[in-house]
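Peer 1: Would you mind keeping the following structure in view while I ask a few things?
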Amino acid sequence: MKREKQPFASFLFFTFLTLILFAPAIENIAYLPTLNLDNVITFLCLIGIVLFQLKQPKALMTQEYIIIGLMLIIIILGLFGNMVSGIRGTSFIILDIWSISKCFVAYFFGRLAFQEGFFTSQTDRLVLYAKWVIGILFLLLLVNLAYPIWPSTEFRFGIRTQYLLFPHATYLSATVFFCMLFLGLKNVRYHIPFLLMGSTLIFFAARNKGLIFIAIYFFMLLFQHYAKKKSFKISYLILPGVALIAMFWEVIDTRLLSSTTSARSLLYQGAFKIADMYAPFGAGFASFGSGSSVKNYSSLYDTLRFYDYYGFTRENPQYLNDSYVAMFLAQFGYIGVVCFGLIIVLFLLMINRRSGSTQAFTLVLFLYAITSLFTELYLTTSLGIITFFLIGISFGNEKTKPALGKDALWKKPFH
């Protein structure tokens, strides 16, 4: 029976992977932006979770039950915040709830919809898939450098930023980075030419975060090879993390906290003001920093006089939803931020229980997602969806689930 299901599961996995990975490129085609491909696919995932759990229930880990509970608390905080701030709009509130939840829907879909050991069985195909994607994008880069089919007016690091098929360089950088992670799942030393091609693509995408995570990725590969250890303890990250924050604190302070000219800094300053105004619950859904708050142009933007700043106006709101953390702080207050911090800790604890290439894969992927929260609405985009889907399917790969305890919910089929 499992062998019969394997081709369908493989088809489902790679279809999901491709559609979400290239959703921004597909929606960049004329007449297709209204598809909202990532929302449609994630909604189908939600239906899939219910169907799979009714047909063949699986138990969750204790940490996962806690994560679900924390998300419910955050949603309640948001609704209470709407009551306090007086910001209304049922459709906008529902859209915001979906926006912050869909990455977790993708996680549980990956976690529950596939058989144990499925992810490991797809390693060879993932490596081949990554080679094809990197190879094709690299050829497109060479063509575009010689003859700009996809022209760009943006310059970074003294070079012209490349977008290729995508509407923004961030998507190109992230797509290549995901594929480089796939190459690290098996015999990485045989894939060096493709890793170099991927690094070149990320260099021409000219995103700081992409370059930083190439360095982290290669560090993890070297650690695995030379340390001869199967497990990387999360505690190993504390000292380097503190050191990096200390070294770059002036840059962090200027760009995110104290600048009077940086758009992102003004966004964070506004978030702290709102969190203080509606402490400790926040202003609620669709109030600040989210896609719905921009469409609705929340009254809080007028309160903060954001209309005086370029990129924050009703006519040009391009910088208003430029940070997930700022959005979360303003909408759910200090209690919401603590709940979200606990979710991050729980994921790190689950990653800490893994070992080998699976641990390296999920750890780098998760760190990439978390650092992205400070500079964009990462978890609400296709990138957040695919990140948590891959983490979920990696966690569901093991035959023995850690820390299950005596959880019985979903463990037995209904009769």
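Order determines the names: the first chain of the structure tokens is A, the second B, and so forth; residues in each chain are numbered 1 upward, and ligands are numbered 1 upward as they are shown.
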When DSSP works through the backbone of this structure, what residues of region 129-202 of chain A end up as helix (DSSP H, G or I), shown as a VMD selection string?

Peer 2: chain A and resid 129 to 146 169 to 183 188 to 202

Peer 1: What's the 12 Å shell around Ala215 (chain A), counting only C-alpha atoms, without same-chain residues fewer than 6 positions away, as a short mmCIF file (atom, residue, chain, number, x, y, z; two decimals) with N, CA, C and O atoms, in the first residue's frame?

Peer 2:
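What ended up in around28.cif:
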```
data_model
loop_
_atom_site.label_atom_id
_atom_site.label_comp_id
_atom_site.auth_asym_id
_atom_site.auth_seq_id
_atom_site.Cartn_x
_atom_site.Cartn_y
_atom_site.Cartn_z
N PHE A 177 18.91 29.75 -2.68
CA PHE A 177 19.37 29.30 -1.37
C PHE A 177 18.70 27.99 -0.96
O PHE A 177 19.35 27.08 -0.44
N SER A 199 26.01 30.30 -5.55
CA SER A 199 26.63 31.44 -4.86
C SER A 199 26.75 32.64 -5.80
O SER A 199 26.55 33.79 -5.39
N ILE A 202 23.32 34.28 -6.14
CA ILE A 202 22.98 35.06 -4.95
C ILE A 202 23.81 36.34 -4.90
O ILE A 202 23.33 37.40 -4.49
N ASN A 208 22.09 41.21 1.13
CA ASN A 208 23.00 40.98 2.26
C ASN A 208 22.70 39.67 2.97
O ASN A 208 23.60 38.90 3.29
N LYS A 209 21.40 39.43 3.20
CA LYS A 209 20.99 38.24 3.94
C LYS A 209 21.40 36.97 3.20
O LYS A 209 21.86 36.00 3.81
N LEU A 221 28.30 22.96 6.99
CA LEU A 221 28.84 21.82 6.23
C LEU A 221 30.24 21.46 6.74
O LEU A 221 30.57 20.28 6.91
N LEU A 222 31.05 22.49 6.98
CA LEU A 222 32.41 22.24 7.48
C LEU A 222 32.38 21.67 8.89
O LEU A 222 33.17 20.79 9.24
N VAL A 364 19.51 25.79 9.47
CA VAL A 364 19.85 26.92 8.59
C VAL A 364 18.58 27.52 7.99
O VAL A 364 18.43 28.74 7.89
N TYR A 368 17.34 31.32 8.75
CA TYR A 368 17.11 32.20 7.59
C TYR A 368 15.74 32.87 7.72
O TYR A 368 15.59 34.07 7.47
#
```

Peer 1: Which is closer to Phe166 (chain A) than all the others in A:Ala205, A:Met83, A:Val50, A:Val127, using only C-alpha atoms?

Peer 2: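 That would be A:Ala205, the residue with the smallest distance to Phe166 (chain A).
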
Peer 1: Provide the CA of Ser292 (chain A) to CA of Asn321 (chain A) distance in Å, to one decimal place.

Peer 2: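 Taking CA of Ser292 (chain A) as the start and CA of Asn321 (chain A) as the end point, the length is 9.5 Å.
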
Peer 1: For Val176 (chain A), which residue among A:Gly198, A:Gly135, A:Gly86, A:Pro148 is the nearest when counting only C-alpha atoms?

Peer 2: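 For Val176 (chain A), the nearest of the given residues is A:Gly198.
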
Peer 1: Residues of region 244-285 of chain A that have any atom at most 9 Å from an atom of region 298-305 of chain A: could you tabulate them with the shortest-distance atom pair and the distance in Å to one decimal, using only C-alpha atoms, ordered by chain and increasing number, as a tab-separated table?

Peer 2:
```
residue	atom	partner	partner_atom	distance
A:Gly270	CA	A:Leu304	CA	6.9
A:Lys273	CA	A:Leu304	CA	8.7
A:Ile274	CA	A:Leu300	CA	8.2
```

Peer 1: Determine which residues of region 108-241 of chain A receive a DSSP assignment of strand (DSSP E), computed from the backbone, and state them as an mmCIF file with all heavy atoms, in the first residue's frame.

Peer 2:
```
data_model
loop_
_atom_site.group_PDB
_atom_site.id
_atom_site.type_symbol
_atom_site.label_atom_id
_atom_site.label_comp_id
_atom_site.auth_asym_id
_atom_site.auth_seq_id
_atom_site.Cartn_x
_atom_site.Cartn_y
_atom_site.Cartn_z
ATOM 1 N N PHE A 155 21.108 49.169 -8.212
ATOM 2 C CA PHE A 155 22.524 48.834 -8.062
ATOM 3 C C PHE A 155 22.834 48.597 -6.586
ATOM 4 O O PHE A 155 22.407 49.360 -5.720
ATOM 5 C CB PHE A 155 23.421 49.961 -8.587
ATOM 6 C CG PHE A 155 23.505 50.020 -10.085
ATOM 7 C CD1 PHE A 155 22.549 50.707 -10.821
ATOM 8 C CD2 PHE A 155 24.533 49.383 -10.762
ATOM 9 C CE1 PHE A 155 22.613 50.766 -12.206
ATOM 10 C CE2 PHE A 155 24.614 49.427 -12.137
ATOM 11 C CZ PHE A 155 23.650 50.118 -12.860
ATOM 12 N N ARG A 156 23.561 47.514 -6.319
ATOM 13 C CA ARG A 156 24.044 47.218 -4.975
ATOM 14 C C ARG A 156 25.438 46.628 -5.088
ATOM 15 O O ARG A 156 25.711 45.871 -6.029
ATOM 16 C CB ARG A 156 23.136 46.219 -4.254
ATOM 17 C CG ARG A 156 21.902 46.833 -3.622
ATOM 18 C CD ARG A 156 21.243 45.825 -2.704
ATOM 19 N NE ARG A 156 20.188 46.407 -1.902
ATOM 20 C CZ ARG A 156 19.684 45.851 -0.817
ATOM 21 N NH1 ARG A 156 20.134 44.688 -0.396
ATOM 22 N NH2 ARG A 156 18.722 46.429 -0.139
ATOM 23 N N ILE A 159 27.214 46.592 -8.407
ATOM 24 C CA ILE A 159 26.769 45.800 -9.554
ATOM 25 C C ILE A 159 25.269 45.998 -9.758
ATOM 26 O O ILE A 159 24.562 46.395 -8.842
ATOM 27 C CB ILE A 159 27.065 44.293 -9.365
ATOM 28 C CG1 ILE A 159 26.319 43.756 -8.131
ATOM 29 C CG2 ILE A 159 28.543 44.023 -9.248
ATOM 30 C CD1 ILE A 159 26.385 42.256 -7.980
ATOM 31 N N ARG A 160 24.827 45.713 -10.974
ATOM 32 C CA ARG A 160 23.398 45.810 -11.261
ATOM 33 C C ARG A 160 22.686 44.587 -10.685
ATOM 34 O O ARG A 160 23.035 43.449 -10.982
ATOM 35 C CB ARG A 160 23.173 45.888 -12.767
ATOM 36 C CG ARG A 160 21.725 46.191 -13.153
ATOM 37 C CD ARG A 160 21.554 46.167 -14.667
ATOM 38 N NE ARG A 160 22.312 47.223 -15.296
ATOM 39 C CZ ARG A 160 21.892 48.477 -15.469
ATOM 40 N NH1 ARG A 160 20.697 48.822 -15.025
ATOM 41 N NH2 ARG A 160 22.646 49.378 -16.066
#
```

Peer 1: Leaving out Tyr319 (chain A) and any residue of its chain fewer than 5 positions from it, which residues lie within 8 Å of it when counting only C-alpha atoms, given as a list in words?

Peer 2: Ala263, Arg264, Gly311 and Phe312 of chain A

Peer 1: For N, CA, C and O atoms, I'd like the residues from the last selection saved as a PDB file, in the first residue's frame.

Peer 2:
```
ATOM      1  N   ALA A 263      13.556  54.325   6.560  1.00  0.00           N
ATOM      2  CA  ALA A 263      12.134  53.942   6.554  1.00  0.00           C
ATOM      3  C   ALA A 263      11.868  52.826   7.555  1.00  0.00           C
ATOM      4  O   ALA A 263      10.876  52.857   8.295  1.00  0.00           O
ATOM      5  N   ARG A 264      12.737  51.833   7.583  1.00  0.00           N
ATOM      6  CA  ARG A 264      12.508  50.703   8.487  1.00  0.00           C
ATOM      7  C   ARG A 264      12.629  51.132   9.947  1.00  0.00           C
ATOM      8  O   ARG A 264      11.897  50.655  10.807  1.00  0.00           O
ATOM      9  N   GLY A 311       7.033  56.919   1.048  1.00  0.00           N
ATOM     10  CA  GLY A 311       6.851  55.471   1.161  1.00  0.00           C
ATOM     11  C   GLY A 311       5.869  55.052   2.235  1.00  0.00           C
ATOM     12  O   GLY A 311       5.585  53.857   2.385  1.00  0.00           O
ATOM     13  N   PHE A 312       5.346  56.045   3.000  1.00  0.00           N
ATOM     14  CA  PHE A 312       4.395  55.743   4.062  1.00  0.00           C
ATOM     15  C   PHE A 312       3.026  56.366   3.793  1.00  0.00           C
ATOM     16  O   PHE A 312       2.146  56.307   4.644  1.00  0.00           O
TER      17      PHE A 312
END
```

Peer 1: Give me the residues near Leu185 (chain A) as an NGL selection string, where near means some atom within 8 Å (using only C-alpha atoms) and where sequence neighbours in that chain fewer than 2 positions away do not count.

Peer 2: :A and (123 or 127 or 181-183 or 187-188 or 357-358 or 361)

Peer 1: Limited to N, CA and C atoms, could you put the picked residues into a file as a PDB file, in the first residue's frame?

Peer 2:
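result-v2.pdb written:
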```pdb
ATOM      1  N   THR A 123      15.474  12.291  -1.329  1.00  0.00           N
ATOM      2  CA  THR A 123      16.731  13.035  -1.318  1.00  0.00           C
ATOM      3  C   THR A 123      17.377  13.103  -2.695  1.00  0.00           C
ATOM      4  N   VAL A 127      18.001  16.538  -4.893  1.00  0.00           N
ATOM      5  CA  VAL A 127      19.315  16.960  -5.377  1.00  0.00           C
ATOM      6  C   VAL A 127      19.257  17.217  -6.881  1.00  0.00           C
ATOM      7  N   LEU A 181      20.490  24.303  -0.242  1.00  0.00           N
ATOM      8  CA  LEU A 181      20.255  23.463   0.932  1.00  0.00           C
ATOM      9  C   LEU A 181      19.923  22.029   0.523  1.00  0.00           C
ATOM     10  N   PHE A 182      19.155  21.868  -0.553  1.00  0.00           N
ATOM     11  CA  PHE A 182      18.837  20.518  -1.042  1.00  0.00           C
ATOM     12  C   PHE A 182      20.112  19.774  -1.442  1.00  0.00           C
ATOM     13  N   LEU A 183      21.062  20.491  -2.047  1.00  0.00           N
ATOM     14  CA  LEU A 183      22.311  19.866  -2.464  1.00  0.00           C
ATOM     15  C   LEU A 183      23.120  19.367  -1.269  1.00  0.00           C
ATOM     16  N   ASN A 187      25.994  13.809  -0.177  1.00  0.00           N
ATOM     17  CA  ASN A 187      27.248  13.848  -0.942  1.00  0.00           C
ATOM     18  C   ASN A 187      27.562  15.257  -1.465  1.00  0.00           C
ATOM     19  N   VAL A 188      27.600  16.209  -0.556  1.00  0.00           N
ATOM     20  CA  VAL A 188      27.716  17.611  -0.964  1.00  0.00           C
ATOM     21  C   VAL A 188      28.994  17.885  -1.751  1.00  0.00           C
ATOM     22  N   SER A 357      22.322  15.585   8.607  1.00  0.00           N
ATOM     23  CA  SER A 357      21.957  16.522   7.547  1.00  0.00           C
ATOM     24  C   SER A 357      20.562  17.098   7.759  1.00  0.00           C
ATOM     25  N   THR A 358      19.653  16.322   8.362  1.00  0.00           N
ATOM     26  CA  THR A 358      18.304  16.833   8.635  1.00  0.00           C
ATOM     27  C   THR A 358      18.357  18.012   9.590  1.00  0.00           C
ATOM     28  N   PHE A 361      19.940  21.041   7.812  1.00  0.00           N
ATOM     29  CA  PHE A 361      18.967  21.564   6.850  1.00  0.00           C
ATOM     30  C   PHE A 361      17.916  22.420   7.549  1.00  0.00           C
TER      31      PHE A 361
END
```

Peer 1: Which residue, A:Phe374, A:Ile214, A:Leu139, A:Lys186, has the smallest gap to Leu256 (chain A) when you use only C-alpha atoms?

Peer 2: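 Selected residue with least distance to Leu256 (chain A): A:Phe374.
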
Peer 1: Go through A:Ala330, A:Ile212, A:Leu239, A:Leu379 one by one, measure the shortest atom-to-atom distance of each to Tyr268 (chain A) using only C-alpha atoms, and give the residue with the smallest value.

Peer 2: A:Ala330

Peer 1: As an exercise, work out the distance from CA of Ile136 (chain A) to CA of Leu201 (chain A) in Å and give it to one decimal place.

Peer 2: 11.0 Å

Peer 1: Applying 10 Å and only C-alpha atoms, which residues near Ile335 (chain A) remain after dropping the ones on its own chain fewer than 5 positions away? List them as a list of chain:residue names.

Peer 2: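 The residues satisfying every condition are A:Ile73, A:Ile74, A:Leu77, A:Ala275, A:Ala279, A:Pro280, A:Phe281, A:Gly282, A:Leu329, A:Phe340, A:Gly341.
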
Peer 1: For Phe178 (chain A), which residue among A:Ala243, A:Leu390, A:Ala23, A:Cys45 is the nearest when counting only C-alpha atoms?

Peer 2: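 Among A:Ala243, A:Leu390, A:Ala23, A:Cys45, it is A:Leu390 that comes nearest to Phe178 (chain A).
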
Peer 1: Please report the interatomic distance between CA of Phe203 (chain A) and CA of Ile238 (chain A) in Å with one decimal.

Peer 2: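 These two atoms are separated by 27.7 Å.
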